[in-house]
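target_0.txt (compact mmCIF, C-alpha atoms)
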```txt
# COMPACT_ATOMS: atom_id res chain seq x y z
CA LYS A 1 33.28 138.42 73.81
CA ASN A 2 31.89 136.48 70.82
CA GLN A 3 34.65 135.38 68.47
CA VAL A 4 35.08 133.10 65.47
CA GLU A 5 38.55 131.89 64.49
CA GLN A 6 39.24 130.15 61.21
CA SER A 7 42.23 128.16 60.04
CA PRO A 8 44.18 127.98 57.91
CA GLN A 9 44.15 131.56 56.68
CA SER A 10 44.93 130.34 53.16
CA LEU A 11 45.24 127.01 51.43
CA ILE A 12 46.47 125.86 48.04
CA ILE A 13 45.52 122.42 46.74
CA LEU A 14 45.54 120.55 43.45
CA GLU A 15 42.35 119.91 41.54
CA GLY A 16 40.74 116.65 42.57
CA LYS A 17 42.19 116.64 46.07
CA ASN A 18 40.18 116.90 49.30
CA CYS A 19 40.63 119.55 51.97
CA THR A 20 39.27 120.50 55.38
CA LEU A 21 38.77 123.98 56.77
CA GLN A 22 38.45 124.66 60.50
CA CYS A 23 36.33 127.02 62.57
CA ASN A 24 36.43 127.57 66.36
CA TYR A 25 33.93 129.84 68.07
CA THR A 26 33.05 131.28 71.45
CA VAL A 27 29.60 132.65 70.55
CA SER A 28 27.02 132.16 73.27
CA PRO A 29 24.20 131.28 73.56
CA PHE A 30 24.68 129.33 70.36
CA SER A 31 21.92 129.37 67.76
CA ASN A 32 23.43 128.19 64.50
CA LEU A 33 26.60 128.03 62.42
CA ARG A 34 26.80 128.74 58.72
CA TRP A 35 29.50 128.23 56.15
CA TYR A 36 29.52 130.71 53.31
CA LYS A 37 31.41 130.65 50.04
CA GLN A 38 32.45 134.02 48.67
CA ASP A 39 33.86 134.39 45.18
CA THR A 40 36.15 137.35 44.64
CA GLY A 41 34.18 140.60 44.46
CA ARG A 42 30.83 138.93 45.09
CA GLY A 43 28.54 138.54 48.08
CA PRO A 44 28.78 135.45 50.33
CA VAL A 45 26.53 132.52 49.45
CA SER A 46 25.36 130.10 52.10
CA LEU A 47 26.63 126.50 51.79
CA THR A 48 25.32 124.89 54.97
CA ILE A 49 23.62 125.80 58.22
CA MET A 50 23.69 123.72 61.37
CA THR A 51 21.87 124.09 64.65
CA PHE A 52 22.90 122.76 68.04
CA SER A 53 21.41 119.31 67.50
CA GLU A 54 23.02 118.70 64.11
CA ASN A 55 26.56 117.40 63.77
CA THR A 56 26.80 116.84 60.02
CA LYS A 57 25.30 118.58 57.02
CA SER A 58 26.13 118.01 53.36
CA ASN A 59 25.64 120.10 50.25
CA GLY A 60 27.01 118.22 47.26
CA ARG A 61 30.78 117.97 47.65
CA TYR A 62 30.68 120.15 50.77
CA THR A 63 30.25 118.49 54.17
CA ALA A 64 30.16 120.50 57.37
CA THR A 65 30.53 119.05 60.84
CA LEU A 66 29.73 120.61 64.19
CA ASP A 67 30.90 119.68 67.67
CA ALA A 68 28.87 121.92 69.96
CA ASP A 69 30.69 120.63 73.05
CA THR A 70 34.13 121.74 71.87
CA LYS A 71 32.66 124.62 69.83
CA GLN A 72 34.37 123.54 66.66
CA SER A 73 33.21 123.12 63.10
CA SER A 74 34.88 121.92 59.93
CA LEU A 75 34.08 122.18 56.25
CA HIS A 76 35.29 119.28 54.13
CA ILE A 77 35.50 119.68 50.36
CA THR A 78 35.70 116.48 48.36
CA ALA A 79 37.25 116.13 44.91
CA SER A 80 38.00 119.84 44.61
CA GLN A 81 37.31 121.72 41.40
CA LEU A 82 38.79 124.93 40.02
CA SER A 83 35.48 126.65 40.78
CA ASP A 84 36.00 125.93 44.47
CA SER A 85 38.64 128.66 44.53
CA ALA A 86 37.08 131.23 46.85
CA SER A 87 37.00 132.48 50.40
CA TYR A 88 35.11 130.31 52.89
CA ILE A 89 33.63 132.14 55.83
CA CYS A 90 32.36 130.63 59.07
CA VAL A 91 29.51 132.59 60.65
CA VAL A 92 28.01 131.91 64.06
CA SER A 93 24.75 133.37 65.35
CA ALA A 94 23.64 133.77 68.92
CA VAL A 95 20.07 133.12 70.00
CA GLY A 96 17.85 136.14 69.31
CA SER A 97 20.57 138.20 67.62
CA TYR A 98 20.33 139.64 64.11
CA ILE A 99 24.07 140.36 64.15
CA PRO A 100 26.12 137.21 63.59
CA THR A 101 29.83 136.88 64.32
CA PHE A 102 32.02 136.36 61.28
CA GLY A 103 35.33 134.62 60.94
CA ARG A 104 37.94 136.22 58.71
CA GLY A 105 37.68 133.38 56.23
CA THR A 106 39.97 130.84 54.62
CA SER A 107 41.17 131.65 51.13
CA LEU A 108 41.23 128.47 49.05
CA ILE A 109 43.05 128.25 45.74
CA VAL A 110 42.60 125.16 43.61
CA HIS A 111 45.30 124.66 40.97
CA PRO A 112 44.89 122.50 37.86
CA LYS B 1 11.69 135.01 44.72
CA ALA B 2 14.26 137.65 43.78
CA GLY B 3 17.39 137.92 45.88
CA VAL B 4 18.95 140.93 47.56
CA THR B 5 19.92 143.59 45.05
CA GLN B 6 22.43 146.38 45.50
CA THR B 7 23.08 149.41 43.35
CA PRO B 8 25.38 150.55 42.01
CA ARG B 9 27.70 147.57 41.69
CA TYR B 10 30.79 149.73 41.22
CA LEU B 11 31.55 153.28 42.24
CA ILE B 12 34.58 155.52 42.03
CA LYS B 13 34.75 158.67 44.14
CA THR B 14 37.42 161.10 45.28
CA ARG B 15 38.37 162.03 48.81
CA GLY B 16 35.97 164.43 50.48
CA GLN B 17 32.97 163.45 48.39
CA GLN B 18 29.95 161.65 49.72
CA VAL B 19 28.26 158.52 48.41
CA THR B 20 24.90 156.79 48.76
CA LEU B 21 24.49 153.06 48.28
CA SER B 22 21.15 151.32 47.88
CA CYS B 23 19.90 147.89 48.92
CA SER B 24 16.62 146.18 48.12
CA PRO B 25 15.98 143.20 50.41
CA ILE B 26 14.20 139.97 49.59
CA SER B 27 10.46 140.54 49.51
CA GLY B 28 9.01 140.18 52.99
CA HIS B 29 12.33 140.66 54.80
CA ARG B 30 12.18 143.57 57.23
CA SER B 31 15.71 143.46 58.62
CA VAL B 32 18.55 144.90 56.56
CA SER B 33 22.18 144.89 57.69
CA TRP B 34 25.18 146.61 56.17
CA TYR B 35 28.76 145.39 56.26
CA GLN B 36 32.11 146.71 55.12
CA GLN B 37 34.59 144.18 53.79
CA THR B 38 38.25 144.97 53.23
CA PRO B 39 41.16 142.60 52.52
CA GLY B 40 42.52 141.25 55.77
CA GLN B 41 39.68 142.63 57.94
CA GLY B 42 36.86 140.40 56.90
CA LEU B 43 33.30 141.60 57.26
CA GLN B 44 32.80 144.48 59.67
CA PHE B 45 29.26 145.20 60.84
CA LEU B 46 28.05 148.75 60.15
CA PHE B 47 24.40 148.83 61.22
CA GLU B 48 21.10 147.01 61.05
CA TYR B 49 17.67 148.42 60.33
CA PHE B 50 14.29 146.94 61.12
CA SER B 51 10.98 148.57 60.26
CA GLU B 52 12.65 151.88 59.46
CA THR B 53 14.52 152.01 62.79
CA GLN B 54 18.21 151.51 63.39
CA ARG B 55 18.26 148.60 65.79
CA ASN B 56 22.00 147.86 66.02
CA LYS B 57 25.13 149.82 65.23
CA GLY B 58 28.76 148.85 64.82
CA ASN B 59 31.90 150.80 65.66
CA PHE B 60 32.13 153.12 62.71
CA PRO B 61 32.43 156.92 62.74
CA GLY B 62 29.42 159.16 62.28
CA ARG B 63 30.37 159.68 58.62
CA PHE B 64 28.62 156.37 58.03
CA SER B 65 24.85 156.59 58.24
CA GLY B 66 21.87 154.79 56.88
CA ARG B 67 18.14 154.68 56.70
CA GLN B 68 15.35 152.32 55.80
CA PHE B 69 12.15 153.12 53.96
CA SER B 70 8.66 151.80 54.54
CA ASN B 71 9.12 149.23 51.77
CA SER B 72 12.22 147.92 53.64
CA ARG B 73 14.63 149.23 51.03
CA SER B 74 17.69 150.70 52.67
CA GLU B 75 20.32 153.25 51.82
CA MET B 76 23.75 153.78 53.28
CA ASN B 77 25.54 157.10 53.12
CA VAL B 78 29.20 157.86 53.64
CA SER B 79 30.20 161.51 53.87
CA THR B 80 33.64 163.08 53.55
CA LEU B 81 35.11 160.00 51.95
CA GLU B 82 38.60 158.86 52.94
CA LEU B 83 40.97 156.56 51.09
CA GLY B 84 40.40 153.92 53.77
CA ASP B 85 36.72 153.77 52.91
CA SER B 86 37.57 151.85 49.75
CA ALA B 87 35.90 148.48 50.27
CA LEU B 88 33.19 146.09 49.24
CA TYR B 89 29.95 147.13 50.95
CA LEU B 90 27.57 144.27 51.48
CA CYS B 91 23.91 144.36 52.37
CA ALA B 92 22.11 141.40 53.90
CA SER B 93 18.41 140.91 54.55
CA SER B 94 16.76 138.70 57.13
CA LEU B 95 13.32 137.34 57.84
CA ALA B 96 14.26 135.54 61.04
CA ALA B 97 16.98 136.25 63.57
CA ASP B 98 19.18 133.35 62.53
CA GLU B 99 19.69 133.68 58.79
CA GLN B 100 20.97 136.37 56.47
CA PHE B 101 20.98 136.56 52.71
CA PHE B 102 23.63 138.71 51.10
CA GLY B 103 23.52 140.89 48.05
CA PRO B 104 26.33 141.02 45.47
CA GLY B 105 27.87 144.10 47.07
CA THR B 106 28.94 147.54 45.92
CA ARG B 107 32.64 147.99 45.21
CA LEU B 108 33.60 151.51 46.30
CA THR B 109 36.95 152.92 45.28
CA VAL B 110 38.07 156.23 46.77
CA LEU B 111 40.85 158.05 44.90
```
Would you mind writing the structure in this file as C-alpha cells?
Amino acid sequence: KNQVEQSPQSLIILEGKNCTLQCNYTVSPFSNLRWYKQDTGRGPVSLTIMTFSENTKSNGRYTATLDADTKQSSLHITASQLSDSASYICVVSAVGSYIPTFGRGTSLIVHP
Amino acid sequence: KAGVTQTPRYLIKTRGQQVTLSCSPISGHRSVSWYQQTPGQGLQFLFEYFSETQRNKGNFPGRFSGRQFSNSRSEMNVSTLELGDSALYLCASSLAADEQFFGPGTRLTVL
C-alpha cells in the first residue's frame, strides 16, 4: 500500500532559526515527490518537485533533498520568517497515476 | 495563465441540505480531482474526472458525486449533508500525470 509519513507532526521555532521537516514514503513505482506549503484555509502551493534522478532542489530559502534508495525526503527552511508559518505537505506520485499519495503534513509555527 | 478557481469560497448549510461546488481548471488541463481536507485527516481523495468521465474514485459514500463538462469545468455535489461533511474542499487540475495545481478551496460548514 502506498503511504507517506511526515515528521514531526508540529514544530515551533523562533524567527530566524533553521528547521528540517522529514518525509518517508513507500510509493511505487516512484515518479516524483513534491513539497507543498499550505497557509491556513488556502489551497496548497507547490514549493519543489523532484524526480528519481534529483537529490537536491532549492526554491529561495527552501531546500528539498531526496534519497530514492532509502525513500526519504527532507525540506530544510533557512532563516525562518513569520510568513513561513503554515502546513507543509509531502506528496508522492507513482508513475502513470493521476492520484498522488499525500502525507498528513507538518504544522510549522514561527514565533517572533 | 489563470490558476484554478473554485466557487463559492465559503458556504454554510444545515444538516440534510445538499450543496454544489464548482471548479474551473487551468486552461488546457483536462484532469480535475477533488479532495476533502479536515483537521487531523489531511487530504482525502474524492474522485478524479478526465474528459467528462470519472476515472478514479476514493472511499466516500454515494452522497458525494461529481461531474465534468466539455470545457473541463467540474462540479461536486454532496447530498443529505451531515455535520462531518464540514471541511475544506479542494480542487486540483492536471495536464500531465505527475503534477497537480490546487485551487483556493471551498470552506463548507454544516450546522
> For chain A, which residues have at least one atom within 12 Å of chain B, if we go by all atoms listed in the file? Write them as number ranges by chain, please.
Replying inline: A: 4-6, 9-10, 30-51, 87-107
> Just how far from atom CA of B:Gln36 is atom CA of B:Gln18, in Å to one decimal?
Replying inline: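 Answer for the atom CA of B:Gln18 to atom CA of B:Gln36 separation: 16.0 Å.
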>> Taking only C-alpha atoms into account, name the residue in A:Ala79, A:Cys23, A:Ala86, A:Val110 that is nearest to A:Asp67.
In response: A:Cys23
>> Considering all atoms listed in the file, can you say which of A:Ser28, A:Gln22, A:Ser80, A:Ser85 comes closest to A:Ala64?
In response: A:Gln22
>> When you look at B:Pro61 with a cut-off of 12 Å (counting only C-alpha atoms), what residues show up, excluding the ones that are within fewer than 3 positions of it in the same chain? I need them as an MDAnalysis selection string.
In response: chainID B and resid 46:47 57:58 64:65 77:82 85
I need the residues from that last selection saved to file as a PDB file, keeping the file's coordinate frame (with C-alpha atoms), if you can.
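That gives us result_9.pdb:
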```
ATOM      1  CA  LEU B  46      28.050 148.750  60.150  1.00  0.00           C
ATOM      2  CA  PHE B  47      24.400 148.830  61.220  1.00  0.00           C
ATOM      3  CA  LYS B  57      25.130 149.820  65.230  1.00  0.00           C
ATOM      4  CA  GLY B  58      28.760 148.850  64.820  1.00  0.00           C
ATOM      5  CA  PHE B  64      28.620 156.370  58.030  1.00  0.00           C
ATOM      6  CA  SER B  65      24.850 156.590  58.240  1.00  0.00           C
ATOM      7  CA  ASN B  77      25.540 157.100  53.120  1.00  0.00           C
ATOM      8  CA  VAL B  78      29.200 157.860  53.640  1.00  0.00           C
ATOM      9  CA  SER B  79      30.200 161.510  53.870  1.00  0.00           C
ATOM     10  CA  THR B  80      33.640 163.080  53.550  1.00  0.00           C
ATOM     11  CA  LEU B  81      35.110 160.000  51.950  1.00  0.00           C
ATOM     12  CA  GLU B  82      38.600 158.860  52.940  1.00  0.00           C
ATOM     13  CA  ASP B  85      36.720 153.770  52.910  1.00  0.00           C
TER      14      ASP B  85
END
```
> Pick from A:His111, A:Ile13, A:Leu82, A:Ser73: nearest to A:Thr56, with only C-alpha atoms counted?
Replying inline: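 Among the listed residues, the smallest separation from A:Thr56 belongs to A:Ser73.
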> So how many Å separate atom CA of A:Leu11 and atom CA of A:Ser58, to one decimal?
Replying inline: 21.2 Å
>> I'd like the interatomic distance between atom CA of A:Ile77 and atom CA of A:Leu14, to a tenth of an Å.
In response: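 For atom CA of A:Ile77 relative to atom CA of A:Leu14, the distance reads 12.2 Å.
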Extract stretch 4-93 of chain A from the structure I just pasted (atoms: C-alpha atoms) and return it as a compact mmCIF listing (two decimals), in the first residue's frame.
```txt
# COMPACT_ATOMS: atom_id res chain seq x y z
CA VAL A 4 3.64 8.87 3.02
CA GLU A 5 4.67 9.57 6.61
CA GLN A 6 5.76 13.00 7.78
CA SER A 7 7.51 14.10 10.94
CA PRO A 8 7.29 15.94 13.16
CA GLN A 9 3.55 16.46 13.23
CA SER A 10 4.08 20.00 14.51
CA LEU A 11 7.02 22.28 15.11
CA ILE A 12 7.52 25.63 16.81
CA ILE A 13 10.63 27.67 16.12
CA LEU A 14 11.84 31.22 16.61
CA GLU A 15 12.08 33.63 13.73
CA GLY A 16 15.47 33.48 12.05
CA LYS A 17 16.16 29.87 13.01
CA ASN A 18 16.51 26.96 10.58
CA CYS A 19 14.41 23.80 10.62
CA THR A 20 14.12 20.49 8.78
CA LEU A 21 10.97 18.54 8.03
CA GLN A 22 11.01 14.83 7.19
CA CYS A 23 9.07 12.66 4.76
CA ASN A 24 9.25 8.87 4.34
CA TYR A 25 7.33 7.11 1.59
CA THR A 26 6.55 3.68 0.23
CA VAL A 27 5.01 4.76 -3.09
CA SER A 28 5.99 2.57 -6.01
CA PRO A 29 6.89 2.84 -8.83
CA PHE A 30 8.20 6.25 -7.88
CA SER A 31 7.64 9.16 -10.25
CA ASN A 32 8.19 12.34 -8.29
CA LEU A 33 7.98 13.96 -4.87
CA ARG A 34 6.58 17.40 -4.18
CA TRP A 35 6.61 19.61 -1.15
CA TYR A 36 3.63 21.91 -0.79
CA LYS A 37 3.08 24.84 1.53
CA GLN A 38 -0.48 25.38 2.69
CA ASP A 39 -1.50 28.51 4.54
CA THR A 40 -4.49 28.16 6.83
CA GLY A 41 -7.73 27.99 4.84
CA ARG A 42 -5.99 28.15 1.48
CA GLY A 43 -5.06 25.64 -1.19
CA PRO A 44 -1.59 24.01 -1.21
CA VAL A 45 1.09 25.73 -3.26
CA SER A 46 3.97 23.77 -4.73
CA LEU A 47 7.45 24.57 -3.37
CA THR A 48 9.63 21.97 -5.06
CA ILE A 49 9.34 18.87 -7.21
CA MET A 50 11.98 16.19 -7.52
CA THR A 51 12.24 13.19 -9.78
CA PHE A 52 14.19 10.00 -9.20
CA SER A 53 17.46 11.39 -10.54
CA GLU A 54 17.43 14.58 -8.47
CA ASN A 55 18.67 14.67 -4.89
CA THR A 56 18.51 18.39 -4.14
CA LYS A 57 16.21 21.18 -5.24
CA SER A 58 16.08 24.74 -3.91
CA ASN A 59 13.44 27.42 -4.01
CA GLY A 60 14.71 30.50 -2.21
CA ARG A 61 15.06 29.65 1.47
CA TYR A 62 13.52 26.22 0.91
CA THR A 63 15.79 23.29 0.05
CA ALA A 64 14.43 19.80 -0.51
CA THR A 65 16.52 16.66 -0.59
CA LEU A 66 15.62 13.22 -1.86
CA ASP A 67 17.20 9.85 -1.16
CA ALA A 68 15.42 7.47 -3.53
CA ASP A 69 17.30 4.47 -2.12
CA THR A 70 16.00 4.93 1.42
CA LYS A 71 12.78 6.57 0.19
CA GLN A 72 13.25 9.63 2.34
CA SER A 73 12.98 13.33 1.68
CA SER A 74 13.56 16.40 3.79
CA LEU A 75 12.60 20.04 3.49
CA HIS A 76 15.05 22.49 5.04
CA ILE A 77 13.94 26.04 5.75
CA THR A 78 16.70 28.57 6.27
CA ALA A 79 16.40 31.78 8.29
CA SER A 80 12.71 31.26 9.01
CA GLN A 81 10.25 34.12 8.72
CA LEU A 82 6.84 34.65 10.31
CA SER A 83 5.27 34.04 6.90
CA ASP A 84 6.69 30.52 6.92
CA SER A 85 4.03 29.58 9.48
CA ALA A 86 1.94 27.05 7.57
CA SER A 87 1.39 23.37 6.98
CA TYR A 88 3.98 21.62 4.81
CA ILE A 89 2.74 18.62 2.91
CA CYS A 90 4.83 15.94 1.24
CA VAL A 91 3.18 14.41 -1.83
CA VAL A 92 4.49 11.43 -3.77
CA SER A 93 3.28 10.35 -7.20
```
